[in-house]
Amino acid sequence: MRPAGGPGAAPPGGGPLLEVRELTKHFPIRRGLFSGVSGWVRAVDGVSLSIAPGETLALVGESGSGKTTTGRCILRLIEPTSGAVRFDGANLLALPPRAMRRMRRRIQVIFQDPYGSLNPRMRAGTIVREPLDIHRIGASRRERDERVAALLRRVGLDPAMRDRYPHEFSGGQRQRIGVARALALQPRLIVADEPVSALDVSVQAQVINLLMDLQEEFGIAYLFIAHDLAVVERIADRVAVMYLGLIVESGTREEIFKNPLHPYTRALLQAIPIPDPARARERQVLRGDPPSPAQPPPGCRFHPRCPSAFEPCARVEPALMEVAPGHRVACHLYPGEGGAGGS
Ligand code: SF4
């Protein structure tokens, strides 16, 4: 059994807007259509995190780390296997479907692929107006149309473009439509699942600037999911790093970028391209691919790829321990109570 960790990625002070405790999602493996379950993919394996109002928590890890599944479980786009998700004091996992639909007004999502997530047969204005129609917001169609125009303007699009179809926009413009749609219901939290990964670097910066401006204006909190630490460096207040279904390190942006402790976090940071060739020589490349979450390695899940692995790593799973205020790490190099050096 995995040792009990700390409270995961927790905001300092104040009550959280979102609180996730020991969230798990295990997918059954079936060999054929009619065969029984032969194993489980432990996509999310006990994730705890919190987000304060108006805060951005970046959830970062390679493909297969479980970060997207975590986001989808929070939104209940897929049902978690176990755990607790509280939003603004309400237990989301206990809400009946109707109450959950109402709650979705306050928790919105932006997807990675702005083209795939926008209905290609709907005009931009209709896409943005749809949530207003569904939730019957605005006294009349005219009022909703005015709101759509204001939303398009706010995300940097000309309302005159409202009659165009998604394929008539650039990738960055399509993502702005997705942001306008997410904003329509004035959410308190947006789960942004790799929102800029499909965009060119210069367009990424523009969309991140827009998200930061909107946060300042409307006090929105973000769960910002990304595979690349470079992308979150400006937007994140705090960062939680995931590996094979677990949070292995979390802390403020400053702590994670200036004082990364977990060898996996360090490897992710070293993978960020730097123009200086002298520094590039010091880079340590992450070895191999992550193992399958269907068969996570025993002990520390990172040990087959870890350049610092030592005796207890393949045997004992490290707990997520607080090593400085708000900075937590799951690694035997930083033992504490419950770690390799603990009693
Ligand atoms: Fe590496 Fe061991 Fe730390 Fe895991 S616990 S990250 S294998 S040093």
# chains A, B, ... in the order shown; residues from 1 in each chain; ligands from 1
$ residues_around --residues "range 71-79 of chain A" --least-positions-apart "4" --cutoff "10 Å" --atoms "only C-alpha atoms" --output "count of residues only"
31
$ residues_near_ligand --ligand "ligand 1" --cutoff "10 Å" --atoms "only C-alpha atoms and all ligand atoms" --output "PyMOL selection string"
chain A and resi 248+261-265+299-319+329-335+339-340
$ select_by_dssp --residues "range 61-118 of chain A" --states "helix (DSSP H, G or I)" --output "compact mmCIF listing (two decimals) with C-alpha atoms, in the first residue's frame"
# COMPACT_ATOMS: atom_id res chain seq x y z
CA LYS A 67 -3.03 14.83 -15.73
CA THR A 68 -5.78 14.96 -18.35
CA THR A 69 -7.68 12.12 -16.64
CA THR A 70 -7.44 14.08 -13.38
CA GLY A 71 -9.00 17.12 -15.08
CA ARG A 72 -11.76 15.04 -16.63
CA CYS A 73 -12.57 13.36 -13.31
CA ILE A 74 -12.85 16.79 -11.63
CA LEU A 75 -15.29 17.86 -14.35
CA LEU A 92 -19.25 17.23 -6.81
CA LEU A 93 -19.11 13.44 -6.87
CA ALA A 94 -22.37 13.21 -4.90
CA PRO A 97 -26.88 14.79 -12.95
CA ARG A 98 -29.20 17.81 -12.92
CA ALA A 99 -27.37 19.56 -10.08
CA MET A 100 -24.05 18.72 -11.78
CA ARG A 101 -25.28 20.37 -15.00
CA ARG A 102 -26.10 23.51 -13.00
CA MET A 103 -22.67 23.36 -11.36
$ closest_residue --among "A:Leu268, A:Met161, A:Leu211, A:Leu189" --to "Gly54 in chain A" --atoms "only C-alpha atoms"
A:Leu189
$ residues_around --residues "range 250-256 of chain A" --least-positions-apart "5" --cutoff "6 Å" --atoms "only C-alpha atoms" --output "mmCIF file with all heavy atoms, in the first residue's frame"
data_model
loop_
_atom_site.group_PDB
_atom_site.id
_atom_site.type_symbol
_atom_site.label_atom_id
_atom_site.label_comp_id
_atom_site.auth_asym_id
_atom_site.auth_seq_id
_atom_site.Cartn_x
_atom_site.Cartn_y
_atom_site.Cartn_z
ATOM 1 N N ALA A 9 -1.043 19.287 -3.557
ATOM 2 C CA ALA A 9 -0.756 20.652 -3.956
ATOM 3 C C ALA A 9 -1.789 21.572 -3.329
ATOM 4 O O ALA A 9 -2.902 21.687 -3.789
ATOM 5 C CB ALA A 9 -0.792 20.760 -5.472
ATOM 6 N N ASP A 237 0.663 30.048 -10.583
ATOM 7 C CA ASP A 237 1.018 30.487 -9.233
ATOM 8 C C ASP A 237 1.720 29.340 -8.524
ATOM 9 O O ASP A 237 2.689 29.537 -7.809
ATOM 10 C CB ASP A 237 -0.240 30.875 -8.449
ATOM 11 C CG ASP A 237 -0.923 32.079 -9.062
ATOM 12 O OD1 ASP A 237 -0.251 33.109 -9.188
ATOM 13 O OD2 ASP A 237 -2.107 31.983 -9.434
ATOM 14 N N ARG A 238 1.166 28.136 -8.710
ATOM 15 C CA ARG A 238 1.789 26.940 -8.148
ATOM 16 C C ARG A 238 1.822 25.866 -9.226
ATOM 17 O O ARG A 238 1.051 25.910 -10.196
ATOM 18 C CB ARG A 238 0.999 26.430 -6.928
ATOM 19 C CG ARG A 238 1.180 27.332 -5.696
ATOM 20 C CD ARG A 238 0.397 26.795 -4.504
ATOM 21 N NE ARG A 238 -1.002 26.668 -4.810
ATOM 22 C CZ ARG A 238 -1.665 25.522 -4.839
ATOM 23 N NH1 ARG A 238 -1.065 24.401 -4.552
ATOM 24 N NH2 ARG A 238 -2.946 25.501 -5.136
ATOM 25 N N VAL A 239 2.723 24.903 -9.028
ATOM 26 C CA VAL A 239 2.911 23.836 -10.008
ATOM 27 C C VAL A 239 2.853 22.500 -9.279
ATOM 28 O O VAL A 239 3.424 22.358 -8.190
ATOM 29 C CB VAL A 239 4.289 23.973 -10.713
ATOM 30 C CG1 VAL A 239 4.500 22.844 -11.713
ATOM 31 C CG2 VAL A 239 4.424 25.329 -11.399
ATOM 32 N N ALA A 240 2.127 21.542 -9.859
ATOM 33 C CA ALA A 240 2.147 20.166 -9.356
ATOM 34 C C ALA A 240 2.633 19.280 -10.498
ATOM 35 O O ALA A 240 2.102 19.358 -11.612
ATOM 36 C CB ALA A 240 0.752 19.733 -8.901
ATOM 37 N N GLY A 326 4.792 24.747 1.899
ATOM 38 C CA GLY A 326 4.123 24.668 0.599
ATOM 39 C C GLY A 326 4.881 23.898 -0.469
ATOM 40 O O GLY A 326 4.397 23.750 -1.589
ATOM 41 N N HIS A 327 6.090 23.408 -0.166
ATOM 42 C CA HIS A 327 6.878 22.667 -1.155
ATOM 43 C C HIS A 327 6.930 21.195 -0.737
ATOM 44 O O HIS A 327 7.471 20.863 0.315
ATOM 45 C CB HIS A 327 8.293 23.260 -1.237
ATOM 46 C CG HIS A 327 9.086 22.747 -2.411
ATOM 47 N ND1 HIS A 327 10.282 23.295 -2.801
ATOM 48 C CD2 HIS A 327 8.855 21.734 -3.299
ATOM 49 C CE1 HIS A 327 10.746 22.640 -3.851
ATOM 50 N NE2 HIS A 327 9.890 21.683 -4.171
ATOM 51 N N ARG A 328 6.342 20.334 -1.573
ATOM 52 C CA ARG A 328 6.252 18.911 -1.232
ATOM 53 C C ARG A 328 6.943 18.082 -2.294
ATOM 54 O O ARG A 328 6.858 18.405 -3.483
ATOM 55 C CB ARG A 328 4.792 18.474 -1.121
ATOM 56 C CG ARG A 328 4.059 19.175 -0.001
ATOM 57 C CD ARG A 328 2.624 18.700 0.112
ATOM 58 N NE ARG A 328 2.012 19.301 1.293
ATOM 59 C CZ ARG A 328 1.464 20.506 1.311
ATOM 60 N NH1 ARG A 328 1.423 21.226 0.211
ATOM 61 N NH2 ARG A 328 0.952 20.982 2.424
#
$ closest_residue --among "A:Arg176, A:Arg287, A:Lys258, A:Arg42" --to "Asp113 in chain A" --atoms "only C-alpha atoms"
A:Arg176
$ closest_residue --among "A:Glu143, A:Asp158, A:Asp88, A:Glu62" --to "Tyr243 in chain A" --atoms "only C-alpha atoms"
A:Glu62
$ select_by_dssp --residues "range 84-280 of chain A" --states "strand (DSSP E)" --output "PDB file with C-alpha atoms, in the first residue's frame"
ATOM      1  CA  ALA A  84     -13.447  13.349  -3.126  1.00  0.00           C
ATOM      2  CA  VAL A  85     -13.884  16.525  -5.173  1.00  0.00           C
ATOM      3  CA  ARG A  86     -15.263  19.583  -3.402  1.00  0.00           C
ATOM      4  CA  PHE A  87     -15.985  22.765  -5.335  1.00  0.00           C
ATOM      5  CA  ALA A  90     -20.190  21.169  -2.641  1.00  0.00           C
ATOM      6  CA  ASN A  91     -19.267  17.502  -3.008  1.00  0.00           C
ATOM      7  CA  ILE A 107     -16.653  25.158 -13.924  1.00  0.00           C
ATOM      8  CA  GLN A 108     -15.800  25.392 -17.586  1.00  0.00           C
ATOM      9  CA  VAL A 109     -13.237  23.678 -19.787  1.00  0.00           C
ATOM     10  CA  ILE A 110     -10.945  24.672 -22.632  1.00  0.00           C
ATOM     11  CA  LEU A 189     -12.867  27.815 -12.405  1.00  0.00           C
ATOM     12  CA  ILE A 190     -11.645  26.870 -15.870  1.00  0.00           C
ATOM     13  CA  VAL A 191      -9.939  23.537 -16.472  1.00  0.00           C
ATOM     14  CA  ALA A 192      -7.604  24.361 -19.360  1.00  0.00           C
ATOM     15  CA  ASP A 193      -6.407  21.047 -20.814  1.00  0.00           C
ATOM     16  CA  ALA A 221      -9.105  30.206 -11.117  1.00  0.00           C
ATOM     17  CA  TYR A 222      -7.371  27.868 -13.585  1.00  0.00           C
ATOM     18  CA  LEU A 223      -6.335  24.258 -13.437  1.00  0.00           C
ATOM     19  CA  PHE A 224      -3.825  24.551 -16.275  1.00  0.00           C
ATOM     20  CA  ILE A 225      -2.794  21.164 -17.649  1.00  0.00           C
ATOM     21  CA  ALA A 226       0.401  21.002 -19.715  1.00  0.00           C
ATOM     22  CA  ARG A 238       1.789  26.940  -8.148  1.00  0.00           C
ATOM     23  CA  VAL A 239       2.911  23.836 -10.008  1.00  0.00           C
ATOM     24  CA  ALA A 240       2.147  20.166  -9.356  1.00  0.00           C
ATOM     25  CA  VAL A 241       4.244  17.636 -11.271  1.00  0.00           C
ATOM     26  CA  MET A 242       2.628  14.275 -12.060  1.00  0.00           C
ATOM     27  CA  TYR A 243       4.313  10.988 -12.913  1.00  0.00           C
ATOM     28  CA  LEU A 246       0.871  10.456  -8.781  1.00  0.00           C
ATOM     29  CA  ILE A 247       1.900  13.973  -7.823  1.00  0.00           C
ATOM     30  CA  VAL A 248       5.641  13.710  -7.197  1.00  0.00           C
ATOM     31  CA  GLU A 249       6.376  17.361  -6.425  1.00  0.00           C
ATOM     32  CA  SER A 250       4.364  20.515  -5.841  1.00  0.00           C
ATOM     33  CA  GLY A 251       5.186  24.043  -4.821  1.00  0.00           C
ATOM     34  CA  THR A 252       5.056  27.666  -5.806  1.00  0.00           C
TER      35      THR A 252
END
$ residues_around --residues "Gly219 in chain A" --least-positions-apart "6" --cutoff "9 Å" --atoms "only C-alpha atoms" --output "MDAnalysis selection string"
chainID A and resid 53:55 188
$ write_last_selection --atoms "C-alpha atoms" --output "PDB file, in the first residue's frame"
ATOM      1  CA  PRO A  53     -10.153  31.498  -5.839  1.00  0.00           C
ATOM      2  CA  GLY A  54      -8.404  33.384  -8.632  1.00  0.00           C
ATOM      3  CA  GLU A  55      -5.338  31.126  -8.517  1.00  0.00           C
ATOM      4  CA  ARG A 188     -15.169  30.620 -11.231  1.00  0.00           C
TER       5      ARG A 188
END
$ residues_around --residues "Leu152 in chain A" --least-positions-apart "4" --cutoff "10 Å" --atoms "only C-alpha atoms" --output "PyMOL selection string"
chain A and resi 124-125+128+146-148+156-162+176-177+179-181+184
$ atom_distance --atom1 "CA of Val37 in chain A" --atom2 "CA of Pro96 in chain A"
28.2 Å
$ residues_around --residues "range 197-206 of chain A" --least-positions-apart "5" --cutoff "9 Å" --atoms "only C-alpha atoms" --output "ChimeraX atom specification"
/A:112-114,171-172,175,211,226-228,231
